[in-house]
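Okay, so here's the structure we're looking at.
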Amino acid sequence: KWMSAEEIRNAFKDYFVSQGHLALPSASLVPHNDPTLLWINAGMAPLKPYFDGREIPENPRIVTAQKCIRTNDIENVGYTARHQTMFEMLGNFSFGDYFKDEAISFAWEFLTKVLELNPNLLSVTVHHSDDEAFAIWNEKVGIPKERIVLGEEDNFWEIGEGPCGPCSEIFYDRGVAFGCGQPTCGPGCDCDRFLEVWNLVFTQYNKEPNGEYTPLPKRNIDTGMGLERITSIMQDVSNNFETDLFRPIIAATEAIAKVHYGSDRQTDVWLKIIADHVRTVAFAIGDGVLPGNEGRSYIIRRLLRRAVRSGRKLGVEKPFLHQLASVVADIMGNDYPEVREKLDFITRIIRMEEERFLETLTEGEQLLQSKLTELKEGVQAAATGAKEGQGSGGTATKESQVAGAAPEPVLSGTDAFRLYDTFGFPLDLTEEIAAEAGVKVDKEGFNQLLEEQRERARSARHAADGMNADRGALERITVESKFVGYDRLETDSTVV
Ligand code: ATP
Ligand code: MG
Ligand code: MG
Ligand code: MG
């Protein structure tokens, strides 16, 4: 049955409220009092104090729809059906209250009774040691053994020491058309056929400093279901970007760029990148993170610039991203009023950042393209030279004589750094453009130059700072990025 994303979000909260859960609003994307995290990346992240017992929750059962950002998925965006940089995690949590039995039963009832998904298309994974979870799925829920797959690391959740435990993931079979066709394809395969929708984590151990796992006195449940993924299933579309959460953003971009989604693969990738990144950026700015050069702020800058460049690839010459912010606010505003309330501000910030990058994008791309052409020609020449050298027994070195072993073209760290420093090209953007031409980038060389520049800036700061009270302490201060005026968009954020 077709349901809007908003209806699914509400149905999830209503269902768990009816099961005794307290609904809490989404926390900010910026972690509070948690230096280990750059962004809130899971529903449980803002609830950590409840998990490790530092604080007692108002209610032992909680339900949330939490906005999350995962930077490890940036490269997946546009290429898989299921990843965004920002997504909403629907989660139900138990703090010392119910455990595996109820967690599994609730999830099953929600999917098959509330959403009315076909139970035959659902399969699960459990940790190979977790006989309990296996028995609940098999005997109580009635999933046949063939559709319960035993897993290893993917089915054990832990970060360093502390509370941890096995998890069980639920997959929906989208059909052979989505599959990789490998004989090993099944739940957990990286292709898009068996779509991972929900992860149920059973926190039952404490990992001790000596590496031992001891049973916890109070066991917790932590679950997370991606709203965009479950929506893609309910709306019967082939990927998250075709749901009502993204379609209007793509439609607005199609109108601006005069292109059509679905006409070719590469166009779709750019449209998806733009839709994803502008949404993430709008939310991050709404939560007080401005584009800048460090930490969170730099991630926002990178996403913005990558989106601007994707727009350019679609043929858009003028600033346009900022216009999409209002579309994001229309889609998300009911559940995330902050985006609607701060729309003017968000729009202005995006516009400034766009204008600023557009000033150097063309020139930088020209420079980069000429370097890439040079490199590829150099490699070709070397390859031909090597072949000729072979025949004549001339000066060619042994390595270059190995048949077919033409040296791989690599853009130098110096060039990548110049693009960064003078033209504002984040390293990953340079890498992306270079990869389109089959060229790698010398990242180490780049990072070394970046470090040298930082070192110079540091010593200049210290030389200027005659007082030098407690340099170390000053450097450790983490300042929240804040808006300092339209002509100075930099943030003085984080020394990490
Ligand atoms: P995947 O293997 O598909 O990358 P995951 O195992 O990393 O997902 P979990 O950490 O288990 O994901 O998070 C719980 C749920 O959150 C997932 O089952 C999925 O529905 C959703 N999710 C995770 N990452 C993303 C993302 N980048 N975009 C959209 N939804 C996501
Ligand atoms: Mg992942
Ligand atoms: Mg996974
Ligand atoms: Mg998972």
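Naming works like this for the structure tokens: A, B, ... for the chains as they're shown, residue 1 at the start of each chain, ligands 1 onward in shown order.
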Could you name the residues that touch segment 55-65 of chain A at 8 Å or less, counting only C-alpha atoms, but leaving out those on the same chain fewer than 5 positions away, as a list in words?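 So, after excluding close chain neighbours, the residues are Arg9, Lys13, Phe16, Val17, Gly20, His21, Leu22, Ala23, Leu24, Pro25, Ser26, Gly43, Pro49, Tyr50, Glu88, Met89, Leu90, Gly91, Asn92, Phe93, Ser94, Phe95, Gly96 and Asp97 of chain A.
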Could the residues in this selection be written to a file with N, CA and C atoms, as a PDB file, in the first residue's frame?
ATOM      1  N   ARG A   9       6.508   7.808   8.872  1.00  0.00           N
ATOM      2  CA  ARG A   9       7.139   8.341  10.090  1.00  0.00           C
ATOM      3  C   ARG A   9       6.122   8.384  11.238  1.00  0.00           C
ATOM      4  N   LYS A  13       5.890   6.123  14.841  1.00  0.00           N
ATOM      5  CA  LYS A  13       5.779   6.703  16.193  1.00  0.00           C
ATOM      6  C   LYS A  13       4.495   6.235  16.873  1.00  0.00           C
ATOM      7  N   PHE A  16       4.718   2.591  18.111  1.00  0.00           N
ATOM      8  CA  PHE A  16       5.531   2.358  19.313  1.00  0.00           C
ATOM      9  C   PHE A  16       4.981   3.107  20.534  1.00  0.00           C
ATOM     10  N   VAL A  17       4.318   4.222  20.306  1.00  0.00           N
ATOM     11  CA  VAL A  17       3.655   4.883  21.436  1.00  0.00           C
ATOM     12  C   VAL A  17       2.566   3.950  21.975  1.00  0.00           C
ATOM     13  N   GLY A  20       3.719   1.579  24.514  1.00  0.00           N
ATOM     14  CA  GLY A  20       4.294   2.101  25.751  1.00  0.00           C
ATOM     15  C   GLY A  20       5.556   2.943  25.612  1.00  0.00           C
ATOM     16  N   HIS A  21       5.885   3.355  24.386  1.00  0.00           N
ATOM     17  CA  HIS A  21       7.098   4.163  24.195  1.00  0.00           C
ATOM     18  C   HIS A  21       6.782   5.650  24.309  1.00  0.00           C
ATOM     19  N   LEU A  22       7.779   6.387  24.757  1.00  0.00           N
ATOM     20  CA  LEU A  22       7.681   7.840  24.795  1.00  0.00           C
ATOM     21  C   LEU A  22       8.331   8.382  23.523  1.00  0.00           C
ATOM     22  N   ALA A  23       7.592   9.231  22.784  1.00  0.00           N
ATOM     23  CA  ALA A  23       8.152   9.792  21.551  1.00  0.00           C
ATOM     24  C   ALA A  23       8.958  11.036  21.876  1.00  0.00           C
ATOM     25  N   LEU A  24      10.239  11.038  21.476  1.00  0.00           N
ATOM     26  CA  LEU A  24      11.077  12.220  21.671  1.00  0.00           C
ATOM     27  C   LEU A  24      11.358  12.844  20.307  1.00  0.00           C
ATOM     28  N   PRO A  25      11.504  14.174  20.269  1.00  0.00           N
ATOM     29  CA  PRO A  25      11.831  14.812  18.991  1.00  0.00           C
ATOM     30  C   PRO A  25      13.272  14.493  18.574  1.00  0.00           C
ATOM     31  N   SER A  26      13.557  14.665  17.285  1.00  0.00           N
ATOM     32  CA  SER A  26      14.932  14.453  16.811  1.00  0.00           C
ATOM     33  C   SER A  26      15.863  15.437  17.498  1.00  0.00           C
ATOM     34  N   GLY A  43      20.285   6.763  15.484  1.00  0.00           N
ATOM     35  CA  GLY A  43      19.257   7.156  16.438  1.00  0.00           C
ATOM     36  C   GLY A  43      19.722   7.049  17.876  1.00  0.00           C
ATOM     37  N   PRO A  49      23.849   8.672  26.833  1.00  0.00           N
ATOM     38  CA  PRO A  49      23.879   8.704  28.315  1.00  0.00           C
ATOM     39  C   PRO A  49      22.922   7.697  28.944  1.00  0.00           C
ATOM     40  N   TYR A  50      21.851   7.336  28.245  1.00  0.00           N
ATOM     41  CA  TYR A  50      20.913   6.332  28.768  1.00  0.00           C
ATOM     42  C   TYR A  50      21.489   4.930  28.617  1.00  0.00           C
ATOM     43  N   GLU A  88      16.996   9.751   7.798  1.00  0.00           N
ATOM     44  CA  GLU A  88      16.292   9.689   9.077  1.00  0.00           C
ATOM     45  C   GLU A  88      16.284   8.253   9.554  1.00  0.00           C
ATOM     46  N   MET A  89      16.644   8.076  10.801  1.00  0.00           N
ATOM     47  CA  MET A  89      16.592   6.746  11.376  1.00  0.00           C
ATOM     48  C   MET A  89      15.394   6.663  12.311  1.00  0.00           C
ATOM     49  N   LEU A  90      14.497   5.733  12.003  1.00  0.00           N
ATOM     50  CA  LEU A  90      13.362   5.489  12.889  1.00  0.00           C
ATOM     51  C   LEU A  90      13.825   4.453  13.896  1.00  0.00           C
ATOM     52  N   GLY A  91      13.677   4.749  15.179  1.00  0.00           N
ATOM     53  CA  GLY A  91      14.210   3.804  16.155  1.00  0.00           C
ATOM     54  C   GLY A  91      13.326   3.640  17.376  1.00  0.00           C
ATOM     55  N   ASN A  92      13.264   2.399  17.866  1.00  0.00           N
ATOM     56  CA  ASN A  92      12.649   2.157  19.170  1.00  0.00           C
ATOM     57  C   ASN A  92      13.742   1.649  20.100  1.00  0.00           C
ATOM     58  N   PHE A  93      13.662   2.083  21.344  1.00  0.00           N
ATOM     59  CA  PHE A  93      14.725   1.804  22.309  1.00  0.00           C
ATOM     60  C   PHE A  93      14.137   1.302  23.616  1.00  0.00           C
ATOM     61  N   SER A  94      14.865   0.365  24.222  1.00  0.00           N
ATOM     62  CA  SER A  94      14.467  -0.103  25.542  1.00  0.00           C
ATOM     63  C   SER A  94      15.676   0.011  26.448  1.00  0.00           C
ATOM     64  N   PHE A  95      15.489   0.650  27.587  1.00  0.00           N
ATOM     65  CA  PHE A  95      16.588   0.800  28.546  1.00  0.00           C
ATOM     66  C   PHE A  95      16.285  -0.054  29.762  1.00  0.00           C
ATOM     67  N   GLY A  96      16.865  -1.249  29.749  1.00  0.00           N
ATOM     68  CA  GLY A  96      16.643  -2.176  30.854  1.00  0.00           C
ATOM     69  C   GLY A  96      15.222  -2.707  30.915  1.00  0.00           C
ATOM     70  N   ASP A  97      14.466  -2.521  29.872  1.00  0.00           N
ATOM     71  CA  ASP A  97      13.076  -2.966  29.867  1.00  0.00           C
ATOM     72  C   ASP A  97      12.957  -4.208  28.971  1.00  0.00           C
TER      73      ASP A  97
END
Taking 6 positions as the minimum chain separation for residues in the same chain, which residues sit within 12 Å of Gly181 of chain A when counting only C-alpha atoms? Answer as a PyMOL selection string. chain A and resi 175+189-194
Would you mind listing what lies within 8 Å of segment 119-127 of chain A as JSON, numbers by chain, with only C-alpha atoms counted and same-chain residues fewer than 6 positions away left out? {"A": [112, 133, 134, 143, 147, 148, 149, 150, 151, 152, 155, 156, 166, 167, 168, 169, 170, 171, 172, 173, 174, 187, 188]}
Protein and nucleic residues near ligand 2, 10 Å, only C-alpha atoms and all ligand atoms, as a list in words: Arg70, Asn72, Asp73, Asn76, Arg82, His83, Asp190 and Glu196 of chain A
Please report, as a tab-separated table, each residue of chain A lying at most 7 Å from ligand 1, together with the nearest pair of atoms and the separation in Å rounded to one decimal; use only C-alpha atoms and all ligand atoms, and order rows by chain and ascending residue number.
residue	atom	partner	partner_atom_place_in_ligand_line	distance
A:Ala42	CA	ligand 1	13 (O)	6.8
A:Arg70	CA	ligand 1	27 (N)	5.9
A:Asp73	CA	ligand 1	27 (N)	5.2
A:Arg82	CA	ligand 1	29 (C)	5.6
A:His83	CA	ligand 1	28 (N)	3.5
A:Gln84	CA	ligand 1	28 (N)	4.0
A:Thr85	CA	ligand 1	27 (N)	5.5
A:Met86	CA	ligand 1	28 (N)	6.5
A:Phe87	CA	ligand 1	29 (C)	5.0
A:Met89	CA	ligand 1	16 (O)	5.6
A:Glu196	CA	ligand 1	18 (O)	5.0
A:Val197	CA	ligand 1	20 (O)	4.0
A:Trp198	CA	ligand 1	18 (O)	4.2
A:Asn199	CA	ligand 1	11 (O)	4.9
A:Gly224	CA	ligand 1	14 (C)	4.5
A:Met225	CA	ligand 1	20 (O)	4.4
A:Gly226	CA	ligand 1	20 (O)	3.4
A:Leu227	CA	ligand 1	20 (O)	6.9
A:Glu228	CA	ligand 1	29 (C)	6.3
A:Arg229	CA	ligand 1	20 (O)	5.9
Find, counting only C-alpha atoms, the residue in A:Ser310, A:Asn206, A:Asn334, A:Thr280 that gets nearest to Gln266 of chain A. A:Ser310
Could you give me, as a PDB file with N, CA and C atoms, in the first residue's frame, each residue of segment 63-212 of chain A that DSSP assigns to helix (DSSP H, G or I) when run on this structure's backbone?
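What landed in selection_8.pdb:
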ATOM      1  N   THR A  71      29.284  10.572   6.910  1.00  0.00           N
ATOM      2  CA  THR A  71      30.215  11.002   5.872  1.00  0.00           C
ATOM      3  C   THR A  71      30.855   9.810   5.166  1.00  0.00           C
ATOM      4  N   ASN A  72      30.838   8.642   5.824  1.00  0.00           N
ATOM      5  CA  ASN A  72      31.429   7.476   5.161  1.00  0.00           C
ATOM      6  C   ASN A  72      30.599   7.034   3.956  1.00  0.00           C
ATOM      7  N   ASP A  73      29.405   7.585   3.810  1.00  0.00           N
ATOM      8  CA  ASP A  73      28.572   7.203   2.676  1.00  0.00           C
ATOM      9  C   ASP A  73      28.581   8.233   1.541  1.00  0.00           C
ATOM     10  N   ILE A  74      29.399   9.289   1.671  1.00  0.00           N
ATOM     11  CA  ILE A  74      29.396  10.338   0.633  1.00  0.00           C
ATOM     12  C   ILE A  74      29.588   9.737  -0.758  1.00  0.00           C
ATOM     13  N   GLU A  75      30.580   8.855  -0.865  1.00  0.00           N
ATOM     14  CA  GLU A  75      30.895   8.295  -2.183  1.00  0.00           C
ATOM     15  C   GLU A  75      29.806   7.367  -2.730  1.00  0.00           C
ATOM     16  N   ASN A  76      28.970   6.859  -1.844  1.00  0.00           N
ATOM     17  CA  ASN A  76      27.886   5.989  -2.304  1.00  0.00           C
ATOM     18  C   ASN A  76      26.740   6.767  -2.933  1.00  0.00           C
ATOM     19  N   LYS A 100      15.097  -9.075  23.455  1.00  0.00           N
ATOM     20  CA  LYS A 100      15.013  -9.638  22.101  1.00  0.00           C
ATOM     21  C   LYS A 100      13.607 -10.023  21.640  1.00  0.00           C
ATOM     22  N   ASP A 101      12.907 -10.716  22.520  1.00  0.00           N
ATOM     23  CA  ASP A 101      11.612 -11.253  22.142  1.00  0.00           C
ATOM     24  C   ASP A 101      10.679 -10.158  21.639  1.00  0.00           C
ATOM     25  N   GLU A 102      10.512  -9.125  22.491  1.00  0.00           N
ATOM     26  CA  GLU A 102       9.607  -8.040  22.107  1.00  0.00           C
ATOM     27  C   GLU A 102      10.170  -7.230  20.948  1.00  0.00           C
ATOM     28  N   ALA A 103      11.484  -6.983  20.961  1.00  0.00           N
ATOM     29  CA  ALA A 103      12.073  -6.158  19.902  1.00  0.00           C
ATOM     30  C   ALA A 103      11.800  -6.800  18.539  1.00  0.00           C
ATOM     31  N   ILE A 104      11.981  -8.104  18.467  1.00  0.00           N
ATOM     32  CA  ILE A 104      11.748  -8.808  17.203  1.00  0.00           C
ATOM     33  C   ILE A 104      10.259  -8.821  16.863  1.00  0.00           C
ATOM     34  N   SER A 105       9.428  -9.098  17.860  1.00  0.00           N
ATOM     35  CA  SER A 105       7.983  -9.148  17.598  1.00  0.00           C
ATOM     36  C   SER A 105       7.433  -7.793  17.164  1.00  0.00           C
ATOM     37  N   PHE A 106       7.889  -6.729  17.825  1.00  0.00           N
ATOM     38  CA  PHE A 106       7.431  -5.380  17.438  1.00  0.00           C
ATOM     39  C   PHE A 106       7.805  -5.099  15.974  1.00  0.00           C
ATOM     40  N   ALA A 107       9.068  -5.372  15.639  1.00  0.00           N
ATOM     41  CA  ALA A 107       9.542  -5.061  14.285  1.00  0.00           C
ATOM     42  C   ALA A 107       8.715  -5.827  13.257  1.00  0.00           C
ATOM     43  N   TRP A 108       8.488  -7.106  13.553  1.00  0.00           N
ATOM     44  CA  TRP A 108       7.738  -7.939  12.621  1.00  0.00           C
ATOM     45  C   TRP A 108       6.309  -7.445  12.465  1.00  0.00           C
ATOM     46  N   GLU A 109       5.675  -7.122  13.601  1.00  0.00           N
ATOM     47  CA  GLU A 109       4.293  -6.649  13.538  1.00  0.00           C
ATOM     48  C   GLU A 109       4.209  -5.336  12.768  1.00  0.00           C
ATOM     49  N   PHE A 110       5.165  -4.452  13.025  1.00  0.00           N
ATOM     50  CA  PHE A 110       5.108  -3.166  12.320  1.00  0.00           C
ATOM     51  C   PHE A 110       5.227  -3.372  10.807  1.00  0.00           C
ATOM     52  N   LEU A 111       6.184  -4.196  10.387  1.00  0.00           N
ATOM     53  CA  LEU A 111       6.414  -4.373   8.953  1.00  0.00           C
ATOM     54  C   LEU A 111       5.274  -5.120   8.270  1.00  0.00           C
ATOM     55  N   THR A 112       4.787  -6.181   8.927  1.00  0.00           N
ATOM     56  CA  THR A 112       3.812  -7.020   8.224  1.00  0.00           C
ATOM     57  C   THR A 112       2.358  -6.650   8.510  1.00  0.00           C
ATOM     58  N   LYS A 113       2.088  -6.042   9.669  1.00  0.00           N
ATOM     59  CA  LYS A 113       0.695  -5.691   9.987  1.00  0.00           C
ATOM     60  C   LYS A 113       0.400  -4.217   9.726  1.00  0.00           C
ATOM     61  N   VAL A 114       1.280  -3.330  10.219  1.00  0.00           N
ATOM     62  CA  VAL A 114       1.012  -1.903  10.013  1.00  0.00           C
ATOM     63  C   VAL A 114       1.325  -1.520   8.559  1.00  0.00           C
ATOM     64  N   PRO A 119       5.241 -10.968   4.055  1.00  0.00           N
ATOM     65  CA  PRO A 119       6.230 -11.625   4.923  1.00  0.00           C
ATOM     66  C   PRO A 119       7.183 -12.530   4.154  1.00  0.00           C
ATOM     67  N   ASN A 120       6.741 -13.053   3.015  1.00  0.00           N
ATOM     68  CA  ASN A 120       7.598 -13.961   2.248  1.00  0.00           C
ATOM     69  C   ASN A 120       8.786 -13.251   1.607  1.00  0.00           C
ATOM     70  N   LEU A 121       8.722 -11.923   1.537  1.00  0.00           N
ATOM     71  CA  LEU A 121       9.827 -11.187   0.926  1.00  0.00           C
ATOM     72  C   LEU A 121      10.823 -10.688   1.968  1.00  0.00           C
ATOM     73  N   ASP A 131      21.745 -17.987  19.345  1.00  0.00           N
ATOM     74  CA  ASP A 131      20.697 -19.010  19.211  1.00  0.00           C
ATOM     75  C   ASP A 131      19.331 -18.471  19.603  1.00  0.00           C
ATOM     76  N   GLU A 132      19.358 -17.577  20.587  1.00  0.00           N
ATOM     77  CA  GLU A 132      18.109 -16.988  21.081  1.00  0.00           C
ATOM     78  C   GLU A 132      17.353 -16.264  19.961  1.00  0.00           C
ATOM     79  N   ALA A 133      18.061 -15.344  19.295  1.00  0.00           N
ATOM     80  CA  ALA A 133      17.423 -14.576  18.226  1.00  0.00           C
ATOM     81  C   ALA A 133      16.979 -15.521  17.109  1.00  0.00           C
ATOM     82  N   PHE A 134      17.825 -16.502  16.800  1.00  0.00           N
ATOM     83  CA  PHE A 134      17.473 -17.459  15.748  1.00  0.00           C
ATOM     84  C   PHE A 134      16.149 -18.145  16.088  1.00  0.00           C
ATOM     85  N   ALA A 135      16.046 -18.589  17.346  1.00  0.00           N
ATOM     86  CA  ALA A 135      14.844 -19.318  17.760  1.00  0.00           C
ATOM     87  C   ALA A 135      13.603 -18.421  17.721  1.00  0.00           C
ATOM     88  N   ILE A 136      13.761 -17.174  18.107  1.00  0.00           N
ATOM     89  CA  ILE A 136      12.589 -16.274  18.086  1.00  0.00           C
ATOM     90  C   ILE A 136      12.103 -16.076  16.647  1.00  0.00           C
ATOM     91  N   TRP A 137      13.036 -15.800  15.739  1.00  0.00           N
ATOM     92  CA  TRP A 137      12.654 -15.600  14.334  1.00  0.00           C
ATOM     93  C   TRP A 137      12.015 -16.865  13.761  1.00  0.00           C
ATOM     94  N   ASN A 138      12.644 -17.980  14.066  1.00  0.00           N
ATOM     95  CA  ASN A 138      12.211 -19.226  13.450  1.00  0.00           C
ATOM     96  C   ASN A 138      10.930 -19.775  14.080  1.00  0.00           C
ATOM     97  N   GLU A 139      10.935 -19.910  15.413  1.00  0.00           N
ATOM     98  CA  GLU A 139       9.803 -20.571  16.067  1.00  0.00           C
ATOM     99  C   GLU A 139       8.651 -19.631  16.362  1.00  0.00           C
ATOM    100  N   LYS A 140       8.982 -18.446  16.900  1.00  0.00           N
ATOM    101  CA  LYS A 140       7.890 -17.554  17.283  1.00  0.00           C
ATOM    102  C   LYS A 140       7.311 -16.811  16.072  1.00  0.00           C
ATOM    103  N   VAL A 141       8.197 -16.207  15.279  1.00  0.00           N
ATOM    104  CA  VAL A 141       7.728 -15.428  14.127  1.00  0.00           C
ATOM    105  C   VAL A 141       7.372 -16.353  12.952  1.00  0.00           C
ATOM    106  N   LYS A 145      13.961 -21.475   8.118  1.00  0.00           N
ATOM    107  CA  LYS A 145      15.407 -21.449   8.356  1.00  0.00           C
ATOM    108  C   LYS A 145      16.196 -20.909   7.162  1.00  0.00           C
ATOM    109  N   GLU A 146      15.721 -21.197   5.931  1.00  0.00           N
ATOM    110  CA  GLU A 146      16.469 -20.754   4.747  1.00  0.00           C
ATOM    111  C   GLU A 146      16.560 -19.231   4.683  1.00  0.00           C
ATOM    112  N   ARG A 147      15.621 -18.564   5.300  1.00  0.00           N
ATOM    113  CA  ARG A 147      15.661 -17.103   5.221  1.00  0.00           C
ATOM    114  C   ARG A 147      16.227 -16.462   6.496  1.00  0.00           C
ATOM    115  N   GLU A 153      30.877 -10.266  11.672  1.00  0.00           N
ATOM    116  CA  GLU A 153      31.073  -8.871  12.147  1.00  0.00           C
ATOM    117  C   GLU A 153      29.851  -7.997  11.898  1.00  0.00           C
ATOM    118  N   ASP A 154      29.222  -8.165  10.714  1.00  0.00           N
ATOM    119  CA  ASP A 154      28.064  -7.329  10.414  1.00  0.00           C
ATOM    120  C   ASP A 154      26.944  -7.538  11.422  1.00  0.00           C
ATOM    121  N   ASN A 155      27.003  -8.627  12.163  1.00  0.00           N
ATOM    122  CA  ASN A 155      25.956  -8.909  13.137  1.00  0.00           C
ATOM    123  C   ASN A 155      26.429  -8.776  14.581  1.00  0.00           C
ATOM    124  N   VAL A 176      14.818 -10.013  -8.490  1.00  0.00           N
ATOM    125  CA  VAL A 176      16.049 -10.320  -9.222  1.00  0.00           C
ATOM    126  C   VAL A 176      16.555  -9.151 -10.054  1.00  0.00           C
ATOM    127  N   ALA A 177      15.635  -8.318 -10.529  1.00  0.00           N
ATOM    128  CA  ALA A 177      16.055  -7.197 -11.374  1.00  0.00           C
ATOM    129  C   ALA A 177      17.037  -6.288 -10.648  1.00  0.00           C
ATOM    130  N   PHE A 178      16.985  -6.251  -9.319  1.00  0.00           N
ATOM    131  CA  PHE A 178      17.863  -5.388  -8.540  1.00  0.00           C
ATOM    132  C   PHE A 178      19.189  -6.072  -8.202  1.00  0.00           C
TER     133      PHE A 178
END
Hey, which of A:Leu200, A:Met3, A:Ala275, A:Ala282 ends up closest to ligand 3? Count only C-alpha atoms and all ligand atoms.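 Going through A:Leu200, A:Met3, A:Ala275, A:Ala282 one by one, the smallest distance to ligand 3 is for A:Leu200.
Of the listed residues A:Arg418, A:Lys48, A:Arg456, A:His322, the one whose atoms come nearest to Asn220 of chain A is A:Lys48, with distances taken using only C-alpha atoms.
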So which residues touch Leu361 of chain A within 8 Å, counting only C-alpha atoms, skipping near sequence neighbours fewer than 5 positions away, as an mmCIF file with C-alpha atoms, in the first residue's frame?
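Contents of around16.cif, freshly written:
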data_model
loop_
_atom_site.group_PDB
_atom_site.id
_atom_site.type_symbol
_atom_site.label_atom_id
_atom_site.label_comp_id
_atom_site.auth_asym_id
_atom_site.auth_seq_id
_atom_site.Cartn_x
_atom_site.Cartn_y
_atom_site.Cartn_z
ATOM 1 C CA ARG A 309 30.026 21.258 -9.687
ATOM 2 C CA PHE A 423 40.650 27.663 -6.478
ATOM 3 C CA GLY A 424 38.902 26.237 -3.434
ATOM 4 C CA PHE A 425 38.753 22.652 -4.743
#
Could you pull out all residues of segment 195-400 of chain A with a DSSP call of strand (DSSP E or B) and give them as a ChimeraX atom specification? /A:195-207,213-226
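Neighbouring residues of Tyr298 of chain A at 10 Å or closer, counting only C-alpha atoms and skipping chain neighbours under 3 positions away, are A:Val289, A:Leu290, A:Pro291, A:Gly292, A:Asn293, A:Glu294, A:Gly295, A:Arg301, A:Arg302, A:Leu303, A:Leu304, A:Pro426, A:Glu490, A:Thr491, A:Ser493.
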Please, could you write that set of residues out with C-alpha atoms as a PDB file, in the first residue's frame?
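Done, and the output landed in again-v8.pdb:
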ATOM      1  CA  VAL A 289      26.889  24.610  11.033  1.00  0.00           C
ATOM      2  CA  LEU A 290      28.150  27.045   8.410  1.00  0.00           C
ATOM      3  CA  PRO A 291      30.448  26.266   5.499  1.00  0.00           C
ATOM      4  CA  GLY A 292      34.069  26.728   6.552  1.00  0.00           C
ATOM      5  CA  ASN A 293      37.520  25.206   6.555  1.00  0.00           C
ATOM      6  CA  GLU A 294      37.552  22.855   9.531  1.00  0.00           C
ATOM      7  CA  GLY A 295      35.682  19.851  10.884  1.00  0.00           C
ATOM      8  CA  ARG A 301      31.612  23.206   2.263  1.00  0.00           C
ATOM      9  CA  ARG A 302      32.693  20.028   0.457  1.00  0.00           C
ATOM     10  CA  LEU A 303      29.105  18.909  -0.066  1.00  0.00           C
ATOM     11  CA  LEU A 304      28.087  22.331  -1.317  1.00  0.00           C
ATOM     12  CA  PRO A 426      38.301  20.204  -1.881  1.00  0.00           C
ATOM     13  CA  GLU A 490      34.623  31.552   7.600  1.00  0.00           C
ATOM     14  CA  THR A 491      34.024  29.763  10.823  1.00  0.00           C
ATOM     15  CA  SER A 493      35.536  26.169  14.420  1.00  0.00           C
TER      16      SER A 493
END
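Separating atom CA of Lys443 of chain A from atom CA of Leu368 of chain A is a distance of 15.4 Å.
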